[in-house]
$ cat work-v1.txt   # compact mmCIF, N, CA and C atoms
# COMPACT_ATOMS: atom_id res chain seq x y z
N MET I 1 -59.17 163.09 15.59
CA MET I 1 -59.06 164.34 14.86
C MET I 1 -59.52 165.49 15.77
N ALA I 2 -58.87 166.62 15.62
CA ALA I 2 -59.18 167.77 16.45
C ALA I 2 -60.52 168.40 16.05
N ASN I 3 -61.17 169.02 17.03
CA ASN I 3 -62.43 169.71 16.77
C ASN I 3 -62.29 171.22 16.77
N ILE I 4 -61.28 171.70 17.48
CA ILE I 4 -61.10 173.14 17.64
C ILE I 4 -60.45 173.70 16.37
N LYS I 5 -60.93 174.87 15.96
CA LYS I 5 -60.47 175.48 14.71
C LYS I 5 -58.97 175.74 14.71
N SER I 6 -58.43 176.26 15.81
CA SER I 6 -56.99 176.56 15.87
C SER I 6 -56.17 175.27 15.83
N ALA I 7 -56.68 174.21 16.44
CA ALA I 7 -55.98 172.92 16.41
C ALA I 7 -55.96 172.35 14.99
N LEU I 8 -57.06 172.50 14.28
CA LEU I 8 -57.11 172.04 12.89
C LEU I 8 -56.11 172.80 12.04
N LYS I 9 -56.01 174.10 12.29
CA LYS I 9 -55.05 174.93 11.54
C LYS I 9 -53.62 174.50 11.85
N ARG I 10 -53.33 174.22 13.12
CA ARG I 10 -51.99 173.78 13.49
C ARG I 10 -51.63 172.46 12.81
N ILE I 11 -52.61 171.58 12.69
CA ILE I 11 -52.37 170.30 12.01
C ILE I 11 -52.00 170.54 10.54
N GLU I 12 -52.73 171.45 9.89
CA GLU I 12 -52.44 171.79 8.49
C GLU I 12 -51.05 172.40 8.35
N ILE I 13 -50.71 173.30 9.26
CA ILE I 13 -49.40 173.97 9.20
C ILE I 13 -48.28 172.96 9.45
N ALA I 14 -48.49 172.06 10.42
CA ALA I 14 -47.48 171.04 10.72
C ALA I 14 -47.24 170.14 9.52
N GLU I 15 -48.30 169.78 8.82
CA GLU I 15 -48.16 168.94 7.63
C GLU I 15 -47.42 169.67 6.52
N ARG I 16 -47.76 170.95 6.32
CA ARG I 16 -47.07 171.76 5.31
C ARG I 16 -45.57 171.85 5.63
N ASN I 17 -45.25 172.13 6.89
CA ASN I 17 -43.85 172.23 7.30
C ASN I 17 -43.12 170.90 7.15
N ARG I 18 -43.81 169.81 7.46
CA ARG I 18 -43.20 168.48 7.33
C ARG I 18 -42.81 168.20 5.89
N LEU I 19 -43.68 168.56 4.96
CA LEU I 19 -43.39 168.33 3.54
C LEU I 19 -42.24 169.22 3.06
N GLN I 20 -42.20 170.47 3.54
CA GLN I 20 -41.09 171.35 3.16
C GLN I 20 -39.77 170.82 3.70
N ASN I 21 -39.77 170.36 4.94
CA ASN I 21 -38.55 169.81 5.55
C ASN I 21 -38.10 168.56 4.81
N LYS I 22 -39.07 167.73 4.44
CA LYS I 22 -38.76 166.51 3.70
C LYS I 22 -38.11 166.85 2.36
N SER I 23 -38.61 167.89 1.72
CA SER I 23 -38.05 168.32 0.44
C SER I 23 -36.60 168.75 0.59
N TYR I 24 -36.31 169.55 1.63
CA TYR I 24 -34.94 169.99 1.88
C TYR I 24 -34.02 168.80 2.12
N LYS I 25 -34.45 167.89 2.99
CA LYS I 25 -33.62 166.74 3.34
C LYS I 25 -33.34 165.86 2.12
N SER I 26 -34.36 165.67 1.30
CA SER I 26 -34.21 164.86 0.10
C SER I 26 -33.23 165.52 -0.88
N ALA I 27 -33.35 166.83 -1.04
CA ALA I 27 -32.46 167.55 -1.94
C ALA I 27 -31.01 167.47 -1.45
N ILE I 28 -30.82 167.57 -0.16
CA ILE I 28 -29.47 167.47 0.40
C ILE I 28 -28.88 166.10 0.11
N LYS I 29 -29.66 165.05 0.33
CA LYS I 29 -29.18 163.69 0.07
C LYS I 29 -28.82 163.51 -1.40
N THR I 30 -29.65 164.04 -2.29
CA THR I 30 -29.40 163.92 -3.72
C THR I 30 -28.13 164.65 -4.12
N LEU I 31 -27.96 165.88 -3.62
CA LEU I 31 -26.77 166.65 -3.96
C LEU I 31 -25.50 166.01 -3.41
N MET I 32 -25.59 165.45 -2.21
CA MET I 32 -24.43 164.77 -1.64
C MET I 32 -24.06 163.54 -2.47
N LYS I 33 -25.08 162.80 -2.89
CA LYS I 33 -24.84 161.60 -3.69
C LYS I 33 -24.17 161.96 -5.01
N LYS I 34 -24.64 163.04 -5.65
CA LYS I 34 -24.05 163.48 -6.91
C LYS I 34 -22.60 163.92 -6.72
N THR I 35 -22.34 164.59 -5.60
CA THR I 35 -20.98 165.05 -5.32
C THR I 35 -20.06 163.85 -5.10
N PHE I 36 -20.51 162.87 -4.33
CA PHE I 36 -19.69 161.68 -4.09
C PHE I 36 -19.41 160.93 -5.39
N GLN I 37 -20.39 160.88 -6.28
CA GLN I 37 -20.19 160.21 -7.56
C GLN I 37 -19.19 160.95 -8.43
N SER I 38 -19.26 162.28 -8.43
CA SER I 38 -18.30 163.04 -9.24
C SER I 38 -16.90 162.96 -8.64
N VAL I 39 -16.78 162.87 -7.33
CA VAL I 39 -15.47 162.70 -6.69
C VAL I 39 -14.90 161.34 -7.07
N GLU I 40 -15.75 160.32 -7.08
CA GLU I 40 -15.31 158.97 -7.47
C GLU I 40 -14.82 158.97 -8.92
N ALA I 41 -15.56 159.63 -9.79
CA ALA I 41 -15.18 159.70 -11.20
C ALA I 41 -13.85 160.43 -11.36
N TYR I 42 -13.67 161.49 -10.57
CA TYR I 42 -12.41 162.25 -10.63
C TYR I 42 -11.25 161.40 -10.12
N ALA I 43 -11.48 160.61 -9.08
CA ALA I 43 -10.42 159.77 -8.51
C ALA I 43 -9.96 158.72 -9.53
N SER I 44 -10.88 158.19 -10.32
CA SER I 44 -10.52 157.17 -11.29
C SER I 44 -9.83 157.77 -12.52
N ASP I 45 -10.23 158.98 -12.91
CA ASP I 45 -9.64 159.62 -14.09
C ASP I 45 -9.56 161.13 -13.86
N PRO I 46 -8.49 161.60 -13.20
CA PRO I 46 -8.42 163.03 -12.87
C PRO I 46 -8.15 163.91 -14.09
N ASN I 47 -9.00 164.92 -14.25
CA ASN I 47 -8.77 165.97 -15.24
C ASN I 47 -9.47 167.24 -14.77
N PRO I 48 -9.06 168.38 -15.28
CA PRO I 48 -9.63 169.66 -14.79
C PRO I 48 -11.13 169.79 -15.00
N GLU I 49 -11.65 169.17 -16.05
CA GLU I 49 -13.08 169.27 -16.33
C GLU I 49 -13.89 168.61 -15.21
N LYS I 50 -13.44 167.46 -14.77
CA LYS I 50 -14.14 166.75 -13.69
C LYS I 50 -13.98 167.50 -12.36
N LEU I 51 -12.87 168.18 -12.19
CA LEU I 51 -12.66 168.97 -10.97
C LEU I 51 -13.65 170.14 -10.93
N ASP I 52 -13.92 170.74 -12.08
CA ASP I 52 -14.92 171.80 -12.14
C ASP I 52 -16.31 171.27 -11.78
N THR I 53 -16.62 170.08 -12.27
CA THR I 53 -17.90 169.45 -11.94
C THR I 53 -18.02 169.23 -10.44
N ILE I 54 -16.94 168.77 -9.83
CA ILE I 54 -16.93 168.56 -8.37
C ILE I 54 -17.17 169.87 -7.65
N ASN I 55 -16.48 170.91 -8.07
CA ASN I 55 -16.60 172.20 -7.39
C ASN I 55 -18.03 172.76 -7.49
N THR I 56 -18.65 172.64 -8.64
CA THR I 56 -20.01 173.16 -8.77
C THR I 56 -21.01 172.34 -7.95
N SER I 57 -20.86 171.01 -7.98
CA SER I 57 -21.79 170.17 -7.21
C SER I 57 -21.58 170.34 -5.71
N MET I 58 -20.32 170.53 -5.30
CA MET I 58 -20.04 170.74 -3.88
C MET I 58 -20.58 172.09 -3.41
N ALA I 59 -20.46 173.10 -4.25
CA ALA I 59 -20.99 174.42 -3.90
C ALA I 59 -22.51 174.37 -3.76
N ALA I 60 -23.16 173.63 -4.66
CA ALA I 60 -24.61 173.50 -4.58
C ALA I 60 -25.03 172.76 -3.31
N ALA I 61 -24.29 171.72 -2.98
CA ALA I 61 -24.59 170.94 -1.77
C ALA I 61 -24.38 171.80 -0.52
N PHE I 62 -23.26 172.52 -0.45
CA PHE I 62 -22.97 173.38 0.70
C PHE I 62 -24.06 174.43 0.85
N SER I 63 -24.48 175.02 -0.26
CA SER I 63 -25.50 176.05 -0.23
C SER I 63 -26.82 175.50 0.31
N LYS I 64 -27.22 174.33 -0.18
CA LYS I 64 -28.48 173.73 0.26
C LYS I 64 -28.41 173.34 1.74
N ILE I 65 -27.26 172.84 2.17
CA ILE I 65 -27.10 172.48 3.58
C ILE I 65 -27.20 173.72 4.46
N ASP I 66 -26.54 174.80 4.05
CA ASP I 66 -26.59 176.03 4.83
C ASP I 66 -28.01 176.60 4.90
N LYS I 67 -28.74 176.53 3.79
CA LYS I 67 -30.12 177.01 3.78
C LYS I 67 -31.00 176.16 4.69
N ALA I 68 -30.74 174.86 4.74
CA ALA I 68 -31.52 173.98 5.61
C ALA I 68 -31.28 174.32 7.08
N VAL I 69 -30.04 174.68 7.41
CA VAL I 69 -29.74 175.10 8.78
C VAL I 69 -30.45 176.42 9.10
N LYS I 70 -30.42 177.33 8.14
CA LYS I 70 -31.06 178.63 8.35
C LYS I 70 -32.56 178.48 8.58
N CYS I 71 -33.19 177.53 7.89
CA CYS I 71 -34.63 177.29 8.04
C CYS I 71 -34.92 176.31 9.17
N LYS I 72 -33.89 175.90 9.89
CA LYS I 72 -34.01 174.99 11.04
C LYS I 72 -34.59 173.63 10.64
N VAL I 73 -34.20 173.17 9.45
CA VAL I 73 -34.61 171.85 9.01
C VAL I 73 -33.67 170.81 9.60
N ILE I 74 -32.37 171.12 9.63
CA ILE I 74 -31.38 170.25 10.26
C ILE I 74 -30.57 171.06 11.26
N HIS I 75 -29.94 170.36 12.18
CA HIS I 75 -29.13 171.01 13.22
C HIS I 75 -27.79 171.43 12.62
N LYS I 76 -27.19 172.46 13.19
CA LYS I 76 -25.94 172.98 12.63
C LYS I 76 -24.81 171.96 12.74
N ASN I 77 -24.81 171.12 13.77
CA ASN I 77 -23.77 170.09 13.88
C ASN I 77 -23.95 169.02 12.82
N ASN I 78 -25.20 168.70 12.51
CA ASN I 78 -25.50 167.75 11.44
C ASN I 78 -24.99 168.30 10.11
N ALA I 79 -25.21 169.59 9.89
CA ALA I 79 -24.75 170.23 8.66
C ALA I 79 -23.23 170.23 8.59
N ALA I 80 -22.58 170.51 9.71
CA ALA I 80 -21.12 170.52 9.74
C ALA I 80 -20.57 169.13 9.42
N ARG I 81 -21.23 168.10 9.93
CA ARG I 81 -20.80 166.73 9.66
C ARG I 81 -20.94 166.39 8.19
N LYS I 82 -22.05 166.79 7.59
CA LYS I 82 -22.28 166.52 6.16
C LYS I 82 -21.23 167.23 5.30
N LYS I 83 -20.98 168.49 5.62
CA LYS I 83 -20.00 169.27 4.85
C LYS I 83 -18.60 168.70 5.03
N ALA I 84 -18.28 168.22 6.23
CA ALA I 84 -16.97 167.62 6.48
C ALA I 84 -16.81 166.33 5.68
N ARG I 85 -17.88 165.56 5.58
CA ARG I 85 -17.82 164.32 4.78
C ARG I 85 -17.51 164.63 3.32
N LEU I 86 -18.15 165.66 2.79
CA LEU I 86 -17.92 166.04 1.39
C LEU I 86 -16.48 166.51 1.20
N ALA I 87 -16.01 167.36 2.12
CA ALA I 87 -14.65 167.89 2.01
C ALA I 87 -13.62 166.78 2.14
N LYS I 88 -13.88 165.84 3.04
CA LYS I 88 -12.94 164.74 3.25
C LYS I 88 -12.88 163.83 2.03
N ALA I 89 -14.02 163.59 1.38
CA ALA I 89 -14.05 162.77 0.18
C ALA I 89 -13.20 163.41 -0.93
N LEU I 90 -13.33 164.73 -1.08
CA LEU I 90 -12.52 165.42 -2.07
C LEU I 90 -11.05 165.38 -1.71
N GLN I 91 -10.75 165.58 -0.44
CA GLN I 91 -9.36 165.57 0.03
C GLN I 91 -8.71 164.21 -0.21
N ASN I 92 -9.47 163.14 0.02
CA ASN I 92 -8.94 161.79 -0.19
C ASN I 92 -8.74 161.49 -1.67
N ALA I 93 -9.53 162.11 -2.53
CA ALA I 93 -9.41 161.88 -3.97
C ALA I 93 -8.23 162.66 -4.55
N MET I 94 -7.88 163.77 -3.95
CA MET I 94 -6.80 164.61 -4.49
C MET I 94 -5.42 163.95 -4.47
N PRO I 95 -4.96 163.37 -3.35
CA PRO I 95 -3.62 162.75 -3.36
C PRO I 95 -3.53 161.59 -4.33
N ALA I 96 -4.65 160.88 -4.53
CA ALA I 96 -4.65 159.76 -5.45
C ALA I 96 -4.45 160.23 -6.89
N ALA I 97 -4.83 161.46 -7.15
CA ALA I 97 -4.74 161.98 -8.51
C ALA I 97 -3.32 162.33 -8.89
$ encode --input "work-v1.txt" --output "structure tokens"
Amino acid sequence: MANIKSALKRIEIAERNRLQNKSYKSAIKTLMKKTFQSVEAYASDPNPEKLDTINTSMAAAFSKIDKAVKCKVIHKNNAARKKARLAKALQNAMPAA
């Protein structure tokens, strides 16, 4: 354990930032999972109501991913990959409908 006051403060700040980053990452995973589930539901039974659900969940996921990049929680290429996965899942569900 550190003895210097500034080092102790840095440890506290690092822990606080780690928890905030963990929260962002967890929220992104949850939103992506919900979006994939709604896309699956739409693929099995396509109707406009389910499409609205997909659009709202995808918008929420995109927003959270973009905010995570802005706060430097994830890299911009990682964010692009996640957003591409979501878009591709929707695109694959559309022709089946």
$ atom_distance --input "work-v1.txt" --atom1 "atom C of Lys34 in chain I" --atom2 "CA of Thr53 in chain I"
8.9 Å
$ closest_residue --input "work-v1.txt" --among "I:Asn47, I:Thr35, I:Gln20, I:Thr30" --to "Leu86 in chain I" --atoms "all atoms listed in the file"
I:Thr35
$ atom_distance --input "work-v1.txt" --atom1 "atom N of Ala80 in chain I" --atom2 "atom C of Ser57 in chain I"
15.5 Å
$ atom_distance --input "work-v1.txt" --atom1 "atom C of Lys50 in chain I" --atom2 "atom C of Ser38 in chain I"
6.6 Å
$ build_atoms --input "work-v1.txt" --residues "range 65-76 of chain I" --atoms "all heavy atoms" --output "compact mmCIF listing (two decimals), keeping the file's coordinate frame"
# COMPACT_ATOMS: atom_id res chain seq x y z
N ILE I 65 -27.26 172.84 2.17
CA ILE I 65 -27.10 172.48 3.58
C ILE I 65 -27.20 173.72 4.46
O ILE I 65 -27.88 173.71 5.49
CB ILE I 65 -25.75 171.75 3.79
CG1 ILE I 65 -25.79 170.36 3.15
CG2 ILE I 65 -25.42 171.63 5.28
CD1 ILE I 65 -24.45 169.67 3.06
N ASP I 66 -26.54 174.80 4.05
CA ASP I 66 -26.59 176.03 4.83
C ASP I 66 -28.01 176.60 4.90
O ASP I 66 -28.44 177.11 5.93
CB ASP I 66 -25.64 177.07 4.25
CG ASP I 66 -24.18 176.71 4.49
OD1 ASP I 66 -23.90 175.95 5.44
OD2 ASP I 66 -23.31 177.19 3.73
N LYS I 67 -28.74 176.53 3.79
CA LYS I 67 -30.12 177.01 3.78
C LYS I 67 -31.00 176.16 4.69
O LYS I 67 -31.91 176.68 5.34
CB LYS I 67 -30.68 177.02 2.36
CG LYS I 67 -30.11 178.14 1.51
CD LYS I 67 -30.65 178.08 0.11
CE LYS I 67 -29.97 179.13 -0.76
NZ LYS I 67 -30.37 179.02 -2.18
N ALA I 68 -30.74 174.86 4.74
CA ALA I 68 -31.52 173.98 5.61
C ALA I 68 -31.28 174.32 7.08
O ALA I 68 -32.21 174.30 7.89
CB ALA I 68 -31.16 172.53 5.34
N VAL I 69 -30.04 174.68 7.41
CA VAL I 69 -29.74 175.10 8.78
C VAL I 69 -30.45 176.42 9.10
O VAL I 69 -31.03 176.58 10.17
CB VAL I 69 -28.22 175.24 9.00
CG1 VAL I 69 -27.92 175.89 10.34
CG2 VAL I 69 -27.55 173.89 8.92
N LYS I 70 -30.42 177.33 8.14
CA LYS I 70 -31.06 178.63 8.35
C LYS I 70 -32.56 178.48 8.58
O LYS I 70 -33.15 179.19 9.40
CB LYS I 70 -30.79 179.53 7.14
CG LYS I 70 -31.20 180.97 7.34
CD LYS I 70 -30.78 181.81 6.17
CE LYS I 70 -31.96 181.99 5.24
NZ LYS I 70 -31.68 182.83 4.09
N CYS I 71 -33.19 177.53 7.89
CA CYS I 71 -34.63 177.29 8.04
C CYS I 71 -34.92 176.31 9.17
O CYS I 71 -36.08 175.91 9.35
CB CYS I 71 -35.20 176.74 6.74
SG CYS I 71 -35.11 177.89 5.38
N LYS I 72 -33.89 175.90 9.89
CA LYS I 72 -34.01 174.99 11.04
C LYS I 72 -34.59 173.63 10.64
O LYS I 72 -35.33 173.01 11.39
CB LYS I 72 -34.83 175.63 12.15
CG LYS I 72 -34.17 176.88 12.69
CD LYS I 72 -34.94 177.50 13.80
CE LYS I 72 -34.18 178.74 14.26
NZ LYS I 72 -34.95 179.60 15.12
N VAL I 73 -34.20 173.17 9.45
CA VAL I 73 -34.61 171.85 9.01
C VAL I 73 -33.67 170.81 9.60
O VAL I 73 -34.10 169.73 10.03
CB VAL I 73 -34.62 171.76 7.46
CG1 VAL I 73 -34.91 170.35 6.99
CG2 VAL I 73 -35.63 172.73 6.90
N ILE I 74 -32.37 171.12 9.63
CA ILE I 74 -31.38 170.25 10.26
C ILE I 74 -30.57 171.06 11.26
O ILE I 74 -30.51 172.29 11.17
CB ILE I 74 -30.44 169.58 9.22
CG1 ILE I 74 -29.66 170.61 8.42
CG2 ILE I 74 -31.21 168.64 8.32
CD1 ILE I 74 -28.62 170.02 7.49
N HIS I 75 -29.94 170.36 12.18
CA HIS I 75 -29.13 171.01 13.22
C HIS I 75 -27.79 171.43 12.62
O HIS I 75 -27.31 170.82 11.66
CB HIS I 75 -28.92 170.03 14.37
CG HIS I 75 -28.38 170.66 15.61
ND1 HIS I 75 -27.04 170.77 15.85
CD2 HIS I 75 -29.01 171.21 16.67
CE1 HIS I 75 -26.86 171.38 17.02
NE2 HIS I 75 -28.05 171.65 17.54
N LYS I 76 -27.19 172.46 13.19
CA LYS I 76 -25.94 172.98 12.63
C LYS I 76 -24.81 171.96 12.74
O LYS I 76 -23.94 171.91 11.86
CB LYS I 76 -25.55 174.30 13.29
CG LYS I 76 -25.26 174.22 14.75
CD LYS I 76 -24.88 175.59 15.30
CE LYS I 76 -24.60 175.51 16.78
NZ LYS I 76 -24.18 176.79 17.32
